[in-house]
There are 4 protein chains.
Amino acid sequence: MTWKEKLHEVIYEADTKAGKLFDVILLIVIIISLVLVMLDSVDYLYEAYHDWFVIAEWVITIFFTIEYALRIISIKKPSKYIFSFYGIIDFLSTIPLYISLVFAGSGALLTLRALRLLRVFRVLKLAKFTGAGAKISVAINNSLPKILTFLYSVIIVSFIAGAIMYMVEGPEHGFTSIPRSIYWTIVTLTTVGYGDIHPVTPIGQFVASIIMMMGYGVIAVPTGIVSAEMVKEERLHNNTQDCFNCGENKHQ
Amino acid sequence: MTWKEKLHEVIYEADTKAGKLFDVILLIVIIISLVLVMLDSVDYLYEAYHDWFVIAEWVITIFFTIEYALRIISIKKPSKYIFSFYGIIDFLSTIPLYISLVFAGSGALLTLRALRLLRVFRVLKLAKFTGAGAKISVAINNSLPKILTFLYSVIIVSFIAGAIMYMVEGPEHGFTSIPRSIYWTIVTLTTVGYGDIHPVTPIGQFVASIIMMMGYGVIAVPTGIVSAEMVKEERLHNNTQDCFNCGENKHQ
Amino acid sequence: MTWKEKLHEVIYEADTKAGKLFDVILLIVIIISLVLVMLDSVDYLYEAYHDWFVIAEWVITIFFTIEYALRIISIKKPSKYIFSFYGIIDFLSTIPLYISLVFAGSGALLTLRALRLLRVFRVLKLAKFTGAGAKISVAINNSLPKILTFLYSVIIVSFIAGAIMYMVEGPEHGFTSIPRSIYWTIVTLTTVGYGDIHPVTPIGQFVASIIMMMGYGVIAVPTGIVSAEMVKEERLHNNTQDCFNCGENKHQ
Amino acid sequence: MTWKEKLHEVIYEADTKAGKLFDVILLIVIIISLVLVMLDSVDYLYEAYHDWFVIAEWVITIFFTIEYALRIISIKKPSKYIFSFYGIIDFLSTIPLYISLVFAGSGALLTLRALRLLRVFRVLKLAKFTGAGAKISVAINNSLPKILTFLYSVIIVSFIAGAIMYMVEGPEHGFTSIPRSIYWTIVTLTTVGYGDIHPVTPIGQFVASIIMMMGYGVIAVPTGIVSAEMVKEERLHNNTQDCFNCGENKHQ
């Protein structure tokens, strides 16, 4: 086993002690880097400690750069890693500080580092959460096409309802354009209801009431889809007791 | 096959290449026409490019007019198309610009064009989405009478709760009339909660809390209805394995 | 059949033509009376047409009074009707105008008439809706004790979370008292979110985030309860095909 | 049976009449103490009756102190009670007034008494609610790991979406820092939607719309989880009829 193979085992796998340790350290650095970015975005912390944050961010950027380099070195086909989902995330979350050297004011890009949090899922893949997570994933994946079809219908309804509300309420009551009206419809249909825009005229409130009732009745649909999928999933996995009759364990 | 039959095949069906192409072009024109209407409703775009929008809208209106004429010509019983669901939508989304020639300020009617989006469902009927969509449709159709009965009960409760809140809070806290009070109740029961009207007195907040708890507990009902329907649907369709015993594949 | 028995049949039952007609007329009068009360509560309609509304309301009140008298006359045990659920509603929705003769300013009591809407359920009992409504009723009745237990837990959590938010945010950010704080918690837990009161301090927003996540995860509970009940209901009623083996049609 | 054993029976158990009576009295005192704390937090009641509230709170504190002492005396291993869940709650809800003697302004700690409400669950354990509550508990406990995995994913998505919205909207539209942006994302994803912070720019509203649609589609997940669990629970408990064939009553 060459040093490259050893490195590959530590970085890409988690079967050995060193591999697990690497994953945990990486996780901690990711969380620290995120906390730093978050704190640096708070006004009074920015004023008091910005210089320290910059130093800490450079340390983390260098750490990520080294990690990125090692990942490329230790894999046989570097292109496979570089253009993989995690490869792109690792790249995007490493470069912001280098960019800020060239272009001033691009510090906001540091928030791209939040994408690194997705790696947590990968680290956790190895943990005991897997059982619960796996079942959910299967059920969601199975119901995804149905949910997307559903959301697609919701979007079409939003366009129509948005256009109607634009006609009914008009710009003087906050419905200043059809896109904005559609935004309001989505806010309403999903029962979020900020209240930044809201119907004022009696007719507008009447139409809005109908839209709300629709959203209320219609939220049942994605829920029903996932529920049915989960019930199915449960039945398939838990029914381990073979039927004495036909010896078929999925015979319901 | 006469030219009318050929035209009918292209416009009304989607089995042939020409038919599919026609549907796709129609879909694209519908989307472009909608994007135009949306952009034209945005203030600063209106000021800068309104003239161009008007020209584009005339082009599209003429396109829709031709399409409408061809649909009438190529069908045996024109009345069948004219008074069909899509016939009315096609008509309503074609005429606004003609009306605006006669009556100034009726440009808002252009938003009727959003109704055309419904045609997307028809075009998509032929696509791979159908499987997922069909199952949802069946489940929703089956649970529709139950959901309507439920929404009907919600409306009655809204009337009673609205009348109570009008008495409790009164006009000085935004509950200026019973219809407005009912609007507030629907906003609350559906958990939208804009906050444009909200209880101010302790008694009002107490009654509102009860209404909210009801809305929260009661949202479970449509969800339960659709879930049960979906579970049933899943069971009927997925249980393809015949029971070895009785040879009945829907024997549960 | 005496005239009393005939009257009883017309008023209390709906098997005969006259009985159905009576129910429909009653329903129409109830709806008219409600529309009147609603319109009279609208400012500018009140100013323009209040006198006409008063006359119409007197006509309806007299109609209801006659109906009430006939109901008492035509039943064998008047006390059975008077103290029944619908008897009390009929009484409460009839007297407001008489009270307003004695006490000025008690016109708001007219909104009690909204209670009459509940009678709609009874009239509809005879209609085709029954199938859907009955199934929902059974499922809701069965899951009611569970939902109440759940809502009870939610209330306790609201008290504790309300007390915590009162400590964290305090009166200067709108959390002026513990009851008001509890009101806010209910607004948040049920995902209504008016925004009339909302956390301002970072700690308050953090605690609020936890409460919201709880409300979001916890809304699943009543839904799950009703879903399970509905699935059970569906299975019991739809499984009409006897198992060939054991002849038991509810054997799953 | 010594007096200590008798006392233990009365305080810790509820099989005897005296035990039940003790539980009910305790429950009433807890509720009274809470109502007092709540009322005392209301401005004008505080001004008018604060002195009376203080006296009443001292009476209740002394009652709780005695109860606490008796619980320690009557149990064999006092440490077992003191460090139990209820032991800690009893302690925390008893001491606030004593602390306020030493440190002025610590009156807010009295709200800790709300924790006592949790004891209600224990008292109710003995009541008829148990059936319904137990089933819910089992179903919730079983689905807890899945719901936590789900909420964990929601939190990660909140971080990423929060960071994106901070970049898109920026401090001038209320998204003053990333933590605050994350708070907004949670408010939106859970469909609470206060409206204290809301997107203003078209791009922000577009991104927000996507987040809302996600929250709307995603609320189905915990619901589906609990539903599946409840359906399973129902099936296991209600299927008491043995299959005639195989004599297995859980054979589905």
# chains A, B, ... in the order shown; residues from 1 in each chain; ligands from 1
$ residues_around --residues "Leu118 (chain A)" --least-positions-apart "6" --cutoff "9 Å" --atoms "only C-alpha atoms" --output "list in words"
Tyr86 and Ile89 of chain A; Ile156, Val157 and Ile160 of chain D
$ closest_atom_pairs --of "chain C" --to "chain A" --cutoff "10 Å" --atoms "only C-alpha atoms" --output "tab-separated table"
residue	atom	partner	partner_atom	distance
C:Thr191	CA	A:Val192	CA	7.9
C:Val192	CA	A:Val192	CA	7.8
C:Gly193	CA	A:Gly193	CA	7.8
C:Tyr194	CA	A:Tyr194	CA	7.7
C:Gly195	CA	A:Tyr194	CA	7.8
C:Ala220	CA	A:Thr223	CA	9.5
C:Thr223	CA	A:Thr223	CA	9.1
C:Gly224	CA	A:Ser227	CA	8.7
C:Ser227	CA	A:Ser227	CA	8.5
C:Ala228	CA	A:Val231	CA	9.9
C:Val231	CA	A:Ala228	CA	9.9
C:Gln252	CA	A:Gln252	CA	7.1
$ write_last_selection --atoms "C-alpha atoms" --output "mmCIF file, in the first residue's frame"
data_model
loop_
_atom_site.group_PDB
_atom_site.id
_atom_site.type_symbol
_atom_site.label_atom_id
_atom_site.label_comp_id
_atom_site.auth_asym_id
_atom_site.auth_seq_id
_atom_site.Cartn_x
_atom_site.Cartn_y
_atom_site.Cartn_z
ATOM 1 C CA THR C 191 -48.116 28.260 12.380
ATOM 2 C CA VAL C 192 -50.664 31.107 12.059
ATOM 3 C CA GLY C 193 -47.995 33.761 12.741
ATOM 4 C CA TYR C 194 -49.822 37.112 12.639
ATOM 5 C CA GLY C 195 -46.676 39.053 13.390
ATOM 6 C CA ALA C 220 -47.957 15.731 12.084
ATOM 7 C CA THR C 223 -52.857 14.460 11.046
ATOM 8 C CA GLY C 224 -51.393 11.046 11.708
ATOM 9 C CA SER C 227 -55.144 9.487 8.782
ATOM 10 C CA ALA C 228 -54.838 6.217 10.667
ATOM 11 C CA VAL C 231 -57.395 4.305 6.626
ATOM 12 C CA GLN C 252 -56.961 -8.813 6.408
#
$ closest_residue --among "B:Ile136, B:Val54, B:Val218, B:Ile225" --to "Leu101 (chain B)" --atoms "only C-alpha atoms"
B:Val54
$ residues_around --residues "Ile211 (chain B)" --least-positions-apart "3" --cutoff "9 Å" --atoms "only C-alpha atoms" --output "number ranges by chain"
B: 161, 185, 188-189, 206-208, 214-216
$ write_last_selection --atoms "C-alpha atoms" --output "PDB file, in the first residue's frame"
ATOM      1  CA  ALA B 161     -66.642  32.424  14.695  1.00  0.00           C
ATOM      2  CA  THR B 185     -61.545  33.865  10.609  1.00  0.00           C
ATOM      3  CA  THR B 188     -56.797  32.335  10.904  1.00  0.00           C
ATOM      4  CA  LEU B 189     -58.415  28.911  10.472  1.00  0.00           C
ATOM      5  CA  PHE B 206     -58.530  34.020  23.998  1.00  0.00           C
ATOM      6  CA  VAL B 207     -61.289  33.331  21.447  1.00  0.00           C
ATOM      7  CA  ALA B 208     -58.706  33.591  18.644  1.00  0.00           C
ATOM      8  CA  MET B 214     -59.395  24.293  16.048  1.00  0.00           C
ATOM      9  CA  GLY B 215     -57.787  25.159  12.722  1.00  0.00           C
ATOM     10  CA  TYR B 216     -54.642  23.322  13.807  1.00  0.00           C
TER      11      TYR B 216
END
$ select_by_dssp --residues "region 80-248 of chain B" --states "helix (DSSP H, G or I)" --output "PyMOL selection string"
chain B and resi 80-82+85-94+96-102+107-124+130-169+171-173+178-189+202-218+220-238
$ residues_around --residues "Glu229 (chain C)" --least-positions-apart "3" --cutoff "8 Å" --atoms "only C-alpha atoms" --output "list of chain:residue names"
B:Gly224, C:Ala139, C:Ile140, C:Asn142, C:Ser143, C:Ile225, C:Val226, C:Lys232, C:Glu233, D:Val231
$ atom_distance --atom1 "CA of Ile164 (chain D)" --atom2 "CA of Lys80 (chain A)"
27.6 Å
$ decode --residues "region 81-103 of chain A" --atoms "N, CA and C atoms" --output "compact mmCIF listing (two decimals), in the first residue's frame"
# COMPACT_ATOMS: atom_id res chain seq x y z
N TYR A 81 -13.27 13.36 -9.09
CA TYR A 81 -13.58 14.09 -7.86
C TYR A 81 -13.96 15.54 -8.16
N ILE A 82 -13.15 16.18 -9.02
CA ILE A 82 -13.32 17.62 -9.25
C ILE A 82 -14.73 17.96 -9.74
N PHE A 83 -15.26 17.10 -10.64
CA PHE A 83 -16.58 17.41 -11.19
C PHE A 83 -17.71 16.65 -10.50
N SER A 84 -17.37 16.00 -9.36
CA SER A 84 -18.43 15.34 -8.59
C SER A 84 -19.19 16.41 -7.79
N PHE A 85 -20.35 16.05 -7.25
CA PHE A 85 -21.16 16.97 -6.44
C PHE A 85 -20.32 17.57 -5.31
N TYR A 86 -19.66 16.71 -4.53
CA TYR A 86 -18.89 17.21 -3.39
C TYR A 86 -17.64 17.94 -3.85
N GLY A 87 -17.10 17.55 -4.98
CA GLY A 87 -15.92 18.23 -5.51
C GLY A 87 -16.23 19.70 -5.79
N ILE A 88 -17.36 19.94 -6.42
CA ILE A 88 -17.75 21.31 -6.75
C ILE A 88 -18.02 22.11 -5.48
N ILE A 89 -18.72 21.48 -4.52
CA ILE A 89 -18.99 22.16 -3.25
C ILE A 89 -17.68 22.53 -2.56
N ASP A 90 -16.74 21.57 -2.51
CA ASP A 90 -15.45 21.83 -1.85
C ASP A 90 -14.74 22.99 -2.52
N PHE A 91 -14.79 23.02 -3.86
CA PHE A 91 -14.13 24.10 -4.60
C PHE A 91 -14.79 25.45 -4.29
N LEU A 92 -16.13 25.49 -4.39
CA LEU A 92 -16.86 26.75 -4.17
C LEU A 92 -16.66 27.28 -2.76
N SER A 93 -16.52 26.39 -1.78
CA SER A 93 -16.40 26.86 -0.40
C SER A 93 -14.96 27.19 -0.04
N THR A 94 -14.02 26.92 -0.96
CA THR A 94 -12.60 27.21 -0.68
C THR A 94 -12.15 28.53 -1.29
N ILE A 95 -12.68 28.84 -2.49
CA ILE A 95 -12.14 29.98 -3.23
C ILE A 95 -12.57 31.38 -2.78
N PRO A 96 -13.73 31.56 -2.07
CA PRO A 96 -14.19 32.95 -1.85
C PRO A 96 -13.12 33.91 -1.37
N LEU A 97 -12.29 33.47 -0.40
CA LEU A 97 -11.30 34.39 0.16
C LEU A 97 -10.25 34.77 -0.88
N TYR A 98 -9.87 33.82 -1.74
CA TYR A 98 -8.90 34.14 -2.80
C TYR A 98 -9.50 35.18 -3.75
N ILE A 99 -10.79 34.99 -4.08
CA ILE A 99 -11.45 35.95 -4.96
C ILE A 99 -11.45 37.34 -4.34
N SER A 100 -11.67 37.40 -3.00
CA SER A 100 -11.76 38.70 -2.33
C SER A 100 -10.43 39.45 -2.37
N LEU A 101 -9.32 38.73 -2.66
CA LEU A 101 -8.03 39.41 -2.80
C LEU A 101 -8.04 40.25 -4.07
N VAL A 102 -8.71 39.68 -5.10
CA VAL A 102 -8.75 40.37 -6.40
C VAL A 102 -9.88 41.39 -6.46
N PHE A 103 -11.10 40.91 -6.16
CA PHE A 103 -12.24 41.83 -6.19
C PHE A 103 -12.63 42.22 -4.78
